[in-house]
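What's in run_17.tsv: TSV, C-alpha atoms
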chain	number	residue	atom	x	y	z
A	1	MET	CA	34.23	-11.01	-69.46
A	2	VAL	CA	33.78	-14.39	-71.10
A	3	GLN	CA	32.56	-15.81	-67.78
A	4	HIS	CA	30.16	-12.88	-67.41
A	5	ILE	CA	28.72	-13.43	-70.87
A	6	LYS	CA	28.39	-17.14	-70.23
A	7	TYR	CA	25.95	-16.54	-67.38
A	8	LEU	CA	23.93	-13.91	-69.18
A	9	VAL	CA	23.21	-15.81	-72.34
A	10	GLY	CA	19.90	-17.21	-73.39
A	11	LEU	CA	17.07	-19.01	-71.70
A	12	ALA	CA	17.86	-21.60	-69.08
A	13	ALA	CA	17.47	-25.17	-70.19
A	14	ALA	CA	15.36	-26.79	-67.49
A	15	LEU	CA	15.96	-30.37	-68.49
A	16	LEU	CA	14.16	-31.94	-65.59
A	17	ALA	CA	15.37	-35.31	-66.81
A	18	ILE	CA	16.21	-37.43	-69.81
A	19	LEU	CA	13.48	-39.80	-70.85
A	20	LEU	CA	14.40	-43.42	-70.12
A	21	PRO	CA	11.63	-45.74	-71.34
A	22	PHE	CA	12.34	-48.57	-68.92
A	23	SER	CA	13.36	-46.57	-65.86
A	24	ALA	CA	10.01	-47.32	-64.19
A	25	LEU	CA	10.86	-51.01	-64.21
A	26	ALA	CA	14.29	-50.24	-62.78
A	27	GLN	CA	12.65	-48.75	-59.68
A	28	SER	CA	10.19	-51.59	-59.16
A	29	PHE	CA	10.58	-53.11	-55.72
A	30	SER	CA	8.55	-54.32	-52.78
A	31	VAL	CA	8.94	-54.43	-49.01
A	32	SER	CA	7.48	-56.92	-46.56
A	33	PRO	CA	5.98	-57.07	-44.06
A	34	ALA	CA	4.00	-53.88	-44.59
A	35	GLU	CA	3.09	-53.60	-40.91
A	36	VAL	CA	4.90	-54.70	-37.74
A	37	SER	CA	3.43	-54.62	-34.25
A	38	ILE	CA	5.64	-54.89	-31.14
A	39	ASP	CA	3.71	-55.38	-27.90
A	40	ASN	CA	4.73	-55.43	-24.24
A	41	LEU	CA	8.18	-53.93	-24.85
A	42	ALA	CA	9.50	-52.76	-21.48
A	43	PRO	CA	11.39	-49.45	-21.28
A	44	GLY	CA	15.07	-50.35	-20.99
A	45	GLU	CA	14.69	-53.26	-23.40
A	46	GLY	CA	14.90	-53.75	-27.15
A	47	ALA	CA	13.31	-55.79	-29.95
A	48	GLU	CA	14.56	-56.86	-33.38
A	49	PHE	CA	12.90	-57.95	-36.60
A	50	ASN	CA	13.79	-58.20	-40.30
A	51	LEU	CA	12.43	-56.36	-43.32
A	52	THR	CA	12.69	-58.00	-46.73
A	53	ILE	CA	13.39	-55.85	-49.79
A	54	HIS	CA	12.64	-57.46	-53.14
A	55	ASN	CA	14.29	-55.80	-56.14
A	56	LYS	CA	11.96	-56.65	-59.03
A	57	GLY	CA	14.09	-54.72	-61.53
A	58	ASN	CA	16.53	-56.03	-64.10
A	59	SER	CA	19.59	-54.35	-62.56
A	60	SER	CA	21.02	-54.08	-59.07
A	61	HIS	CA	19.93	-51.12	-56.94
A	62	THR	CA	20.96	-49.51	-53.69
A	63	PHE	CA	18.20	-48.98	-51.15
A	64	ILE	CA	18.24	-46.53	-48.24
A	65	LEU	CA	16.30	-46.98	-45.01
A	66	THR	CA	15.01	-44.08	-42.92
A	67	SER	CA	12.40	-43.50	-40.24
A	68	TYR	CA	9.58	-40.99	-40.59
A	69	SER	CA	7.10	-39.55	-38.10
A	70	PRO	CA	3.78	-39.11	-39.95
A	71	GLU	CA	1.16	-36.46	-39.25
A	72	GLU	CA	-1.30	-37.28	-36.48
A	73	SER	CA	-4.12	-37.74	-39.01
A	74	GLN	CA	-2.17	-40.58	-40.66
A	75	LEU	CA	-1.66	-42.56	-37.44
A	76	ARG	CA	-3.72	-45.61	-36.47
A	77	GLN	CA	-6.47	-44.88	-33.96
A	78	GLY	CA	-5.16	-44.65	-30.39
A	79	ARG	CA	-1.54	-44.27	-31.51
A	80	ALA	CA	0.75	-41.37	-30.64
A	81	GLU	CA	3.84	-40.09	-32.39
A	82	PHE	CA	6.99	-42.10	-31.63
A	83	PRO	CA	9.06	-39.91	-29.24
A	84	ASP	CA	12.52	-40.24	-30.76
A	85	GLU	CA	13.55	-41.56	-34.20
A	86	ARG	CA	17.05	-42.30	-32.79
A	87	TRP	CA	15.55	-45.27	-30.92
A	88	ILE	CA	15.21	-47.01	-34.29
A	89	SER	CA	18.29	-48.38	-36.04
A	90	PHE	CA	18.84	-50.28	-39.29
A	91	SER	CA	21.56	-52.78	-40.05
A	92	PRO	CA	22.60	-51.98	-42.70
A	93	GLN	CA	21.03	-48.58	-43.38
A	94	ARG	CA	22.09	-48.73	-47.04
A	95	ILE	CA	22.00	-51.99	-48.97
A	96	GLU	CA	22.62	-53.06	-52.54
A	97	VAL	CA	20.20	-55.66	-53.87
A	98	ALA	CA	20.94	-57.60	-57.05
A	99	ALA	CA	18.39	-57.78	-59.88
A	100	SER	CA	15.39	-60.04	-59.14
A	101	SER	CA	16.71	-60.74	-55.64
A	102	ASN	CA	15.77	-60.31	-52.00
A	103	ALA	CA	17.77	-58.81	-49.15
A	104	GLU	CA	17.05	-58.55	-45.44
A	105	VAL	CA	17.62	-55.57	-43.18
A	106	LYS	CA	17.60	-55.91	-39.40
A	107	VAL	CA	15.58	-53.28	-37.54
A	108	THR	CA	16.26	-52.70	-33.84
A	109	VAL	CA	13.90	-50.79	-31.56
A	110	SER	CA	15.41	-49.74	-28.20
A	111	ILE	CA	13.39	-47.87	-25.57
A	112	PRO	CA	15.35	-46.00	-22.86
A	113	SER	CA	14.89	-47.19	-19.28
A	114	ASP	CA	12.55	-44.53	-17.93
A	115	SER	CA	9.17	-45.05	-16.28
A	116	LYS	CA	7.69	-42.16	-18.33
A	117	TRP	CA	7.86	-44.40	-21.43
A	118	ALA	CA	5.80	-47.20	-19.78
A	119	GLY	CA	2.30	-48.05	-20.99
A	120	LYS	CA	2.49	-46.15	-24.29
A	121	ASP	CA	1.15	-46.90	-27.79
A	122	TRP	CA	3.26	-45.33	-30.53
A	123	GLU	CA	3.54	-45.42	-34.32
A	124	ILE	CA	6.40	-44.61	-36.66
A	125	TRP	CA	6.97	-45.39	-40.36
A	126	LEU	CA	10.08	-47.05	-41.76
A	127	GLY	CA	10.86	-45.79	-45.27
A	128	VAL	CA	12.67	-47.70	-48.02
A	129	ASN	CA	13.64	-45.91	-51.22
A	130	SER	CA	15.86	-46.70	-54.15
A	131	GLU	CA	18.81	-44.42	-54.87
A	132	SER	CA	17.81	-42.80	-58.15
A	133	SER	CA	18.40	-39.68	-60.20
A	134	ASP	CA	15.02	-39.92	-61.93
A	135	LEU	CA	12.44	-37.14	-61.66
A	136	LEU	CA	9.94	-39.49	-60.00
A	137	THR	CA	11.11	-41.80	-57.24
A	138	VAL	CA	9.23	-44.27	-55.06
A	139	LYS	CA	9.39	-44.63	-51.30
A	140	LEU	CA	7.62	-47.47	-49.51
A	141	TYR	CA	6.73	-47.24	-45.83
A	142	VAL	CA	6.31	-49.99	-43.23
A	143	ARG	CA	3.99	-49.10	-40.35
A	144	LEU	CA	5.70	-49.90	-37.05
A	145	LEU	CA	3.38	-50.03	-34.03
A	146	VAL	CA	5.13	-50.15	-30.64
A	147	SER	CA	3.36	-50.71	-27.31
A	148	THR	CA	5.36	-50.58	-24.10
A	149	SER	CA	4.60	-52.58	-20.95
A	150	GLU	CA	3.58	-50.97	-17.68
A	151	GLU	CA	6.77	-52.18	-15.98
A	152	VAL	CA	10.24	-50.81	-16.59
A	153	GLY	CA	12.73	-53.51	-17.54
A	154	GLY	CA	16.35	-53.77	-16.43
A	155	SER	CA	16.37	-51.40	-13.43
A	156	SER	CA	13.91	-53.46	-11.34
A	157	ASN	CA	16.17	-56.52	-11.77
A	158	ILE	CA	19.18	-54.53	-10.61
A	159	TRP	CA	17.37	-53.67	-7.39
A	160	LEU	CA	16.41	-57.32	-6.89
A	161	ILE	CA	20.03	-58.44	-7.35
A	162	ALA	CA	21.18	-55.77	-4.89
A	163	VAL	CA	18.68	-56.97	-2.27
A	164	ILE	CA	19.89	-60.57	-2.72
A	165	ALA	CA	23.53	-59.47	-2.30
A	166	ILE	CA	22.73	-57.60	0.92
A	167	ALA	CA	20.80	-60.63	2.18
A	168	ILE	CA	23.85	-62.86	1.54
A	169	ILE	CA	26.11	-60.51	3.52
A	170	LEU	CA	23.68	-60.28	6.43
A	171	LEU	CA	23.12	-64.05	6.45
A	172	SER	CA	26.88	-64.70	6.43
A	173	TYR	CA	27.44	-62.26	9.25
A	174	GLY	CA	24.60	-63.85	11.27
A	175	VAL	CA	26.03	-67.34	10.84
A	176	TYR	CA	29.52	-66.13	11.70
A	177	TYR	CA	28.27	-64.29	14.79
A	178	SER	CA	26.28	-67.27	16.10
A	179	ARG	CA	29.21	-69.67	15.56
A	180	HIS	CA	31.62	-67.23	17.23
A	181	LYS	CA	29.26	-66.93	20.20
A	182	THR	CA	28.92	-70.73	20.48
A	183	ARG	CA	32.72	-71.19	20.48
A	184	SER	CA	33.15	-68.47	23.12
A	185	LYS	CA	30.88	-70.41	25.46
B	1	MET	CA	37.82	-67.69	11.57
B	2	LYS	CA	38.30	-65.85	8.28
B	3	ALA	CA	38.13	-69.18	6.49
B	4	ASP	CA	34.69	-69.72	8.06
B	5	ILE	CA	33.39	-66.39	6.73
B	6	ILE	CA	34.77	-67.01	3.25
B	7	SER	CA	33.35	-70.51	3.08
B	8	ILE	CA	29.91	-69.34	4.26
B	9	LEU	CA	29.91	-66.53	1.67
B	10	LEU	CA	30.96	-68.94	-1.06
B	11	VAL	CA	28.27	-71.47	-0.17
B	12	ALA	CA	25.61	-68.76	-0.06
B	13	THR	CA	26.75	-67.28	-3.38
B	14	LEU	CA	26.90	-70.65	-5.11
B	15	ALA	CA	23.45	-71.46	-3.80
B	16	LEU	CA	22.05	-68.27	-5.31
B	17	ILE	CA	23.72	-68.57	-8.74
B	18	PRO	CA	20.92	-70.75	-10.20
B	19	CYS	CA	18.45	-68.07	-9.14
B	20	LEU	CA	20.16	-65.24	-11.03
B	21	PRO	CA	19.06	-66.17	-14.58
B	22	VAL	CA	15.48	-66.28	-13.33
B	23	VAL	CA	15.93	-62.86	-11.73
B	24	ALA	CA	17.46	-61.50	-14.94
B	25	GLN	CA	14.49	-62.60	-17.07
B	26	ASP	CA	12.08	-60.01	-18.43
B	27	SER	CA	8.99	-59.27	-16.48
B	28	GLY	CA	6.83	-60.05	-19.56
B	29	THR	CA	6.99	-61.52	-23.04
B	30	ILE	CA	7.66	-59.17	-25.96
B	31	THR	CA	5.35	-59.97	-28.85
B	32	ILE	CA	6.28	-59.06	-32.43
B	33	THR	CA	3.40	-59.52	-34.86
B	34	MET	CA	3.90	-59.56	-38.61
B	35	THR	CA	0.55	-60.77	-39.92
B	36	GLY	CA	0.95	-63.10	-42.90
B	37	LEU	CA	3.28	-61.61	-45.48
B	38	PRO	CA	1.67	-58.35	-46.58
B	39	GLU	CA	3.86	-56.90	-49.30
B	40	ILE	CA	3.79	-53.23	-50.23
B	41	SER	CA	4.71	-52.21	-53.76
B	42	ILE	CA	3.81	-49.56	-56.34
B	43	THR	CA	4.90	-49.14	-59.94
B	44	LEU	CA	5.09	-45.95	-62.01
B	45	SER	CA	4.77	-46.09	-65.81
B	46	GLN	CA	6.97	-42.98	-66.22
B	47	THR	CA	9.76	-41.61	-64.08
B	48	GLU	CA	11.25	-38.97	-66.40
B	49	TRP	CA	9.90	-35.90	-68.19
B	50	LYS	CA	11.30	-33.27	-70.51
B	51	PRO	CA	8.93	-30.29	-70.17
B	52	VAL	CA	8.83	-29.31	-73.85
B	53	GLY	CA	10.61	-30.21	-77.07
B	54	GLU	CA	14.30	-30.48	-76.20
B	55	GLY	CA	13.54	-29.33	-72.68
B	56	THR	CA	14.46	-25.64	-72.91
B	57	VAL	CA	12.14	-23.49	-70.87
B	58	SER	CA	11.53	-19.76	-70.51
B	59	PRO	CA	11.04	-17.73	-67.33
B	60	ASN	CA	7.54	-17.18	-65.98
B	61	ALA	CA	5.93	-19.89	-68.08
B	62	ASP	CA	4.03	-23.10	-67.45
B	63	TYR	CA	4.63	-26.54	-68.95
B	64	LYS	CA	2.37	-29.58	-68.71
B	65	THR	CA	2.66	-33.29	-69.36
B	66	GLY	CA	0.10	-33.10	-72.15
B	67	GLU	CA	-0.86	-30.79	-74.97
B	68	THR	CA	-4.46	-30.52	-73.80
B	69	GLU	CA	-5.95	-30.42	-70.29
B	70	GLU	CA	-7.48	-33.85	-70.93
B	71	GLU	CA	-4.08	-35.33	-71.86
B	72	VAL	CA	-2.21	-33.95	-68.83
B	73	PRO	CA	-3.35	-36.52	-66.24
B	74	LEU	CA	-2.83	-39.43	-68.64
B	75	TRP	CA	0.97	-39.05	-68.54
B	76	CYS	CA	1.85	-41.48	-65.73
B	77	THR	CA	0.06	-44.46	-64.20
B	78	LEU	CA	0.61	-45.43	-60.58
B	79	THR	CA	-0.36	-49.06	-59.94
B	80	ASN	CA	-0.69	-50.83	-56.61
B	81	THR	CA	1.38	-53.95	-57.37
B	82	GLY	CA	1.46	-55.21	-53.77
B	83	ASN	CA	-1.10	-57.41	-52.01
B	84	ILE	CA	-2.58	-54.81	-49.63
B	85	ASN	CA	-4.61	-51.62	-49.96
B	86	ILE	CA	-2.49	-48.46	-49.71
B	87	ASN	CA	-2.55	-44.72	-49.07
B	88	THR	CA	-0.16	-42.63	-51.15
B	89	PHE	CA	1.67	-39.32	-50.66
B	90	ILE	CA	3.76	-36.90	-52.71
B	91	THR	CA	6.77	-34.71	-51.86
B	92	GLY	CA	8.86	-32.34	-53.99
B	93	GLY	CA	12.17	-30.57	-53.62
B	94	ASP	CA	14.19	-27.58	-54.75
B	95	ALA	CA	15.65	-27.65	-58.26
B	96	THR	CA	19.41	-27.43	-58.69
B	97	CYS	CA	21.45	-26.48	-61.73
B	98	MET	CA	23.47	-29.56	-62.67
B	99	ASP	CA	26.37	-27.48	-64.05
B	100	LYS	CA	26.31	-24.83	-61.32
B	101	PRO	CA	24.94	-26.34	-58.06
B	102	THR	CA	24.89	-22.97	-56.28
B	103	TYR	CA	22.13	-21.82	-58.65
B	104	THR	CA	18.85	-23.19	-57.30
B	105	TRP	CA	15.11	-22.69	-57.63
B	106	ALA	CA	13.21	-23.03	-54.35
B	107	LEU	CA	10.01	-25.06	-54.57
B	108	SER	CA	6.96	-22.93	-53.86
B	109	ASN	CA	4.65	-24.17	-51.10
B	110	ASP	CA	1.47	-22.88	-52.72
B	111	GLY	CA	1.96	-23.19	-56.48
B	112	THR	CA	2.94	-19.56	-56.96
B	113	ILE	CA	6.22	-18.40	-58.46
B	114	GLY	CA	8.75	-15.66	-57.73
B	115	ASN	CA	12.38	-14.80	-58.13
B	116	ARG	CA	14.19	-18.17	-58.17
B	117	LYS	CA	10.99	-19.75	-56.83
B	118	TYR	CA	9.26	-22.32	-59.03
B	119	GLY	CA	6.05	-24.31	-58.80
B	120	LEU	CA	5.20	-27.96	-59.34
B	121	LEU	CA	1.64	-29.24	-59.39
B	122	PHE	CA	0.04	-32.62	-60.01
B	123	ARG	CA	-3.37	-33.53	-61.33
B	124	ILE	CA	-5.02	-36.93	-60.91
B	125	SER	CA	-7.51	-38.08	-63.53
B	126	GLY	CA	-11.04	-37.57	-62.24
B	127	ASP	CA	-9.86	-35.75	-59.11
B	128	SER	CA	-12.14	-32.84	-58.23
B	129	ARG	CA	-9.20	-30.96	-56.71
B	130	GLY	CA	-7.76	-30.24	-60.17
B	131	TYR	CA	-4.11	-29.15	-59.97
B	132	VAL	CA	-2.64	-29.59	-56.48
B	133	PRO	CA	0.69	-27.98	-55.46
B	134	ILE	CA	3.56	-30.35	-54.68
B	135	THR	CA	5.48	-29.09	-51.65
B	136	LYS	CA	8.55	-30.06	-49.66
B	137	THR	CA	6.22	-31.37	-46.94
B	138	GLN	CA	4.81	-34.83	-47.58
B	139	SER	CA	1.14	-34.40	-48.49
B	140	GLU	CA	-1.75	-36.62	-49.59
B	141	PHE	CA	-1.67	-37.95	-53.16
B	142	TRP	CA	-4.55	-40.42	-52.99
B	143	PRO	CA	-6.79	-40.66	-51.08
B	144	HIS	CA	-7.07	-37.10	-49.78
B	145	SER	CA	-9.13	-35.70	-46.91
B	146	GLY	CA	-12.08	-35.10	-49.27
B	147	VAL	CA	-12.40	-38.81	-50.12
B	148	SER	CA	-11.52	-40.35	-46.76
B	149	GLY	CA	-11.40	-44.15	-46.77
B	150	ALA	CA	-11.02	-44.48	-50.54
B	151	GLU	CA	-7.59	-46.11	-50.45
B	152	ILE	CA	-5.97	-47.58	-53.57
B	153	THR	CA	-6.91	-51.25	-53.68
B	154	VAL	CA	-4.76	-54.16	-54.90
B	155	GLY	CA	-4.23	-53.89	-58.67
B	156	GLU	CA	-5.97	-50.50	-58.88
B	157	ASN	CA	-4.23	-47.61	-60.62
B	158	LYS	CA	-4.32	-43.83	-60.67
B	159	GLN	CA	-3.37	-41.74	-63.68
B	160	PHE	CA	-1.77	-38.38	-63.09
B	161	GLY	CA	0.22	-35.62	-64.76
B	162	LEU	CA	2.43	-32.67	-63.82
B	163	LYS	CA	2.58	-28.94	-64.38
B	164	LEU	CA	5.81	-26.95	-64.05
B	165	LEU	CA	5.76	-23.21	-63.37
B	166	THR	CA	9.14	-21.64	-64.04
B	167	PRO	CA	10.42	-18.78	-61.87
B	168	ALA	CA	10.28	-15.09	-62.68
B	169	PRO	CA	13.23	-13.94	-64.82
B	170	ASP	CA	16.54	-13.17	-63.13
B	171	PHE	CA	16.91	-10.18	-65.46
B	172	THR	CA	15.51	-8.67	-68.66
B	173	LYS	CA	17.59	-7.38	-71.56
B	174	GLY	CA	16.28	-5.95	-74.81
B	175	GLY	CA	12.75	-6.88	-73.79
B	176	ILE	CA	13.70	-10.58	-73.35
B	177	ASP	CA	13.56	-12.38	-70.01
B	178	TYR	CA	16.58	-14.42	-68.96
B	179	PHE	CA	17.74	-16.79	-66.28
B	180	SER	CA	21.31	-16.03	-65.18
B	181	VAL	CA	22.69	-19.43	-66.11
B	182	GLY	CA	24.22	-20.65	-69.34
B	183	GLY	CA	22.01	-21.50	-72.30
B	184	THR	CA	22.68	-25.23	-71.98
B	185	ALA	CA	22.40	-25.45	-68.19
B	186	ALA	CA	20.02	-28.11	-66.89
B	187	MET	CA	17.90	-27.92	-63.79
B	188	LYS	CA	17.26	-31.10	-61.82
B	189	THR	CA	14.64	-31.93	-59.21
B	190	THR	CA	13.02	-34.97	-57.62
B	191	ILE	CA	9.42	-35.84	-56.79
B	192	THR	CA	8.87	-38.69	-54.34
B	193	ILE	CA	5.69	-40.76	-54.44
B	194	SER	CA	5.33	-42.78	-51.26
B	195	ALA	CA	2.93	-45.47	-50.08
B	196	VAL	CA	1.90	-47.03	-46.76
B	197	ILE	CA	-0.53	-49.81	-45.85
B	198	ALA	CA	-4.03	-48.26	-45.51

Here is a file; write its structure as structure tokens.
Amino acid sequence: MVQHIKYLVGLAAALLAILLPFSALAQSFSVSPAEVSIDNLAPGEGAEFNLTIHNKGNSSHTFILTSYSPEESQLRQGRAEFPDERWISFSPQRIEVAASSNAEVKVTVSIPSDSKWAGKDWEIWLGVNSESSDLLTVKLYVRLLVSTSEEVGGSSNIWLIAVIAIAIILLSYGVYYSRHKTRSK
Amino acid sequence: MKADIISILLVATLALIPCLPVVAQDSGTITITMTGLPEISITLSQTEWKPVGEGTVSPNADYKTGETEEEVPLWCTLTNTGNININTFITGGDATCMDKPTYTWALSNDGTIGNRKYGLLFRISGDSRGYVPITKTQSEFWPHSGVSGAEITVGENKQFGLKLLTPAPDFTKGGIDYFSVGGTAAMKTTITISAVIA
């Protein structure tokens, strides 16, 4: 009965937050570079670069990195949506940055080895936001532009190595055969 | 005889070893361009808001960040504190009761309210759109499709405010509308303002 009454009493208090005068400063941070362009990346290969997060606040904060596929209208001209967000990885994905300090996060882009991903121009955004319980939070995006080469990496080299191996075997057999024939005579 | 074959194979293999690194090289050069050091950053003058007085709200009511319509959009200032022009976006979320997480208010996608469905709207100073619903899908803050190309320049700011529309009552008793949570329960939600290089 007491429990029942508890949930039927009064108007709900929708305290959307408690006012903290300096909380805006606590969320102040920047990310650089704001745009990264990777060109001539062959399917089957990967590329790495670093993002720098600058915590401008007066206390340490934890930042979380995510990828985001924007609407087509937000993409650069000639760019298509990045096919799979799982091809992007962050190391680390969650990082604590001390007050008035910088930290670097390594971003790796890996394209699967498939000819259907050759010759493409894609765009995806990399989001950085501070862990916060405030009503308003800030997320900063880095535009990542990825262009793949016409050739597929990795697999073509495997074929070349296989051809060389077969050539060695055939050459060895030829030499052995000719020497064997000479000795027989 | 076998020794001959083995020695020929070894010689041929050793001869080809220097070629393998060349074979293993990429067919082209990957270029990663990070022009200069463009830094993206925005600052908000407010990040918290208590809708009214001590923050207690009634069902089916609206609350604004100012007493008059002119005051509403003066509540918070977004400033581009980076060194590049930016486009900005806004996203909202469902509200959850902090004491009873199973009690939630779903965020409306058109600014209307309903049973356990609430509305959040923003209004930018001087924006002809007036109040714009905040939804769970990331949508344009500034610029919007009506002012294409008018990105927020370095050092520029935008003033904005919020309007909260509380859900319809969970029940009515003695002519008074109630939510079915305790009198001191607090609802919590988050609004994300995001920015990208223009």

One residue among B:Ala195, B:Asn85, B:Lys100, B:Thr189 is nearest to Ser133 in chain A when using only C-alpha atoms, and that residue is B:Thr189

List as CSV every residue of chain B that is in contact with chain A, defined as an atom at most 6 Å from one of its atoms (using only C-alpha atoms), together with the nearest atom pair and the distance in Å rounded to one decimal, sorted by chain and then rising number.
residue,atom,partner,partner_atom,distance
B:Ile8,CA,A:Ser172,CA,6.0
B:Leu9,CA,A:Ser172,CA,5.9
B:Ile30,CA,A:Asn40,CA,5.1
B:Thr31,CA,A:Asp39,CA,5.0
B:Ile32,CA,A:Ile38,CA,4.4
B:Thr33,CA,A:Ser37,CA,4.9
B:Met34,CA,A:Val36,CA,5.0
B:Leu37,CA,A:Pro33,CA,5.5
B:Pro38,CA,A:Pro33,CA,5.2
B:Glu39,CA,A:Ser32,CA,4.5
B:Ile40,CA,A:Val31,CA,5.4
B:Ser41,CA,A:Ser30,CA,4.5
B:Thr43,CA,A:Ser28,CA,5.9
B:Leu44,CA,A:Ala24,CA,5.6
B:Ser45,CA,A:Ala24,CA,5.6
B:Gln46,CA,A:Ala24,CA,5.7
B:Thr47,CA,A:Leu136,CA,4.6
B:Glu48,CA,A:Leu19,CA,5.0
B:Trp49,CA,A:Ala17,CA,5.7
B:Lys50,CA,A:Leu16,CA,5.8
B:Gly55,CA,A:Leu15,CA,4.9
B:Thr56,CA,A:Ala13,CA,4.1
B:Val57,CA,A:Ala13,CA,5.6
B:Ser58,CA,A:Leu11,CA,5.7
B:Tyr178,CA,A:Leu11,CA,5.4
B:Phe179,CA,A:Ala12,CA,5.6
B:Ser180,CA,A:Tyr7,CA,5.2
B:Val181,CA,A:Tyr7,CA,4.5
B:Gly182,CA,A:Tyr7,CA,4.9
B:Gly183,CA,A:Gly10,CA,4.9
B:Thr184,CA,A:Ala13,CA,5.5
B:Ala185,CA,A:Ala13,CA,5.3
B:Ala186,CA,A:Ala14,CA,4.9
B:Met187,CA,A:Ala14,CA,4.6
B:Lys188,CA,A:Leu16,CA,5.0
B:Thr190,CA,A:Leu135,CA,4.6
B:Ile191,CA,A:Leu136,CA,4.9
B:Thr192,CA,A:Thr137,CA,4.8
B:Ile193,CA,A:Val138,CA,5.0
B:Ser194,CA,A:Lys139,CA,4.5
B:Ala195,CA,A:Leu140,CA,5.1
B:Val196,CA,A:Tyr141,CA,4.9

- Query: Can you tell me, as a list in words, what residues are no more than 10 Å from Pro59 in chain B when counting all atoms listed in the file, ignoring any on the same chain fewer than 5 positions away?
  - Reply: Leu11 and Ala12 of chain A; Asn115, Arg116, Tyr118, Leu165, Thr166, Pro167, Ala168, Pro169, Asp170, Phe171, Ile176, Asp177, Tyr178 and Phe179 of chain B

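Nearest residue to Trp75 in chain B among B:Gly111, B:Pro51, B:Gly92, B:Gly130 is B:Pro51, counting all atoms listed in the file.
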
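Take CA of Tyr63 in chain B and CA of Ala106 in chain B: the distance between them is 17.3 Å.
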
Pairwise distance, CA of Glu140 in chain B with CA of Asn83 in chain B, equals 20.9 Å

Go ahead and find all residues with at least one atom no further than 12 Å from (17.3, -44.6, -42.7) in the file's coordinates, using only C-alpha atoms; report them as a PyMOL selection string. chain A and resi 63-68+85-95+105-107+125-130+139+141

Do you know which residues are at most 10 Å from Thr137 in chain B counting all atoms listed in the file, after dropping those on the same chain fewer than 6 positions away, and could you put them as a PDB file with C-alpha atoms, in the frame of the given file?
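The resulting out-v9.pdb:
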ATOM      1  CA  PHE B  89       1.670 -39.320 -50.660  1.00  0.00           C
ATOM      2  CA  ILE B  90       3.760 -36.900 -52.710  1.00  0.00           C
ATOM      3  CA  THR B  91       6.770 -34.710 -51.860  1.00  0.00           C
ATOM      4  CA  GLY B  92       8.860 -32.340 -53.990  1.00  0.00           C
ATOM      5  CA  GLY B  93      12.170 -30.570 -53.620  1.00  0.00           C
ATOM      6  CA  ASN B 109       4.650 -24.170 -51.100  1.00  0.00           C
TER       7      ASN B 109
END

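In this model, the gap between CA of Phe141 in chain B and CA of Asp127 in chain B comes to 10.4 Å.
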
TODO: Go ahead and find all residues with at least one atom no further than 8 Å from (-10.2, -32.9, -68.0) in the file's coordinates, using only C-alpha atoms; report them as a PyMOL selection string.
DONE: chain B and resi 69-71+73+125-126

Kindly output range 83-94 of chain B as a PDB file, in the coordinates of the input, after building N, CA and C atoms.
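Ended up saving to result.pdb:
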ATOM      1  N   ASN B  83       0.087 -56.598 -52.310  1.00  0.00           N
ATOM      2  CA  ASN B  83      -1.100 -57.410 -52.010  1.00  0.00           C
ATOM      3  C   ASN B  83      -1.920 -56.830 -50.848  1.00  0.00           C
ATOM      4  N   ILE B  84      -1.809 -55.510 -50.668  1.00  0.00           N
ATOM      5  CA  ILE B  84      -2.580 -54.810 -49.630  1.00  0.00           C
ATOM      6  C   ILE B  84      -3.047 -53.459 -50.167  1.00  0.00           C
ATOM      7  N   ASN B  85      -4.140 -52.950 -49.570  1.00  0.00           N
ATOM      8  CA  ASN B  85      -4.610 -51.620 -49.960  1.00  0.00           C
ATOM      9  C   ASN B  85      -3.655 -50.556 -49.393  1.00  0.00           C
ATOM     10  N   ILE B  86      -3.489 -49.468 -50.122  1.00  0.00           N
ATOM     11  CA  ILE B  86      -2.490 -48.460 -49.710  1.00  0.00           C
ATOM     12  C   ILE B  86      -3.048 -47.031 -49.736  1.00  0.00           C
ATOM     13  N   ASN B  87      -2.379 -46.174 -48.973  1.00  0.00           N
ATOM     14  CA  ASN B  87      -2.550 -44.720 -49.070  1.00  0.00           C
ATOM     15  C   ASN B  87      -1.255 -44.177 -49.660  1.00  0.00           C
ATOM     16  N   THR B  88      -1.362 -43.144 -50.487  1.00  0.00           N
ATOM     17  CA  THR B  88      -0.160 -42.630 -51.150  1.00  0.00           C
ATOM     18  C   THR B  88       0.046 -41.133 -50.869  1.00  0.00           C
ATOM     19  N   PHE B  89       1.281 -40.699 -50.982  1.00  0.00           N
ATOM     20  CA  PHE B  89       1.670 -39.320 -50.660  1.00  0.00           C
ATOM     21  C   PHE B  89       2.646 -38.816 -51.727  1.00  0.00           C
ATOM     22  N   ILE B  90       2.837 -37.491 -51.737  1.00  0.00           N
ATOM     23  CA  ILE B  90       3.760 -36.900 -52.710  1.00  0.00           C
ATOM     24  C   ILE B  90       4.582 -35.789 -52.051  1.00  0.00           C
ATOM     25  N   THR B  91       5.859 -35.721 -52.407  1.00  0.00           N
ATOM     26  CA  THR B  91       6.770 -34.710 -51.860  1.00  0.00           C
ATOM     27  C   THR B  91       7.683 -34.202 -52.981  1.00  0.00           C
ATOM     28  N   GLY B  92       7.939 -32.907 -52.995  1.00  0.00           N
ATOM     29  CA  GLY B  92       8.860 -32.340 -53.990  1.00  0.00           C
ATOM     30  C   GLY B  92      10.111 -31.783 -53.340  1.00  0.00           C
ATOM     31  N   GLY B  93      10.926 -31.145 -54.138  1.00  0.00           N
ATOM     32  CA  GLY B  93      12.170 -30.570 -53.620  1.00  0.00           C
ATOM     33  C   GLY B  93      12.621 -29.398 -54.457  1.00  0.00           C
ATOM     34  N   ASP B  94      13.626 -28.694 -53.991  1.00  0.00           N
ATOM     35  CA  ASP B  94      14.190 -27.580 -54.750  1.00  0.00           C
ATOM     36  C   ASP B  94      14.877 -28.111 -56.006  1.00  0.00           C
TER      37      ASP B  94
END
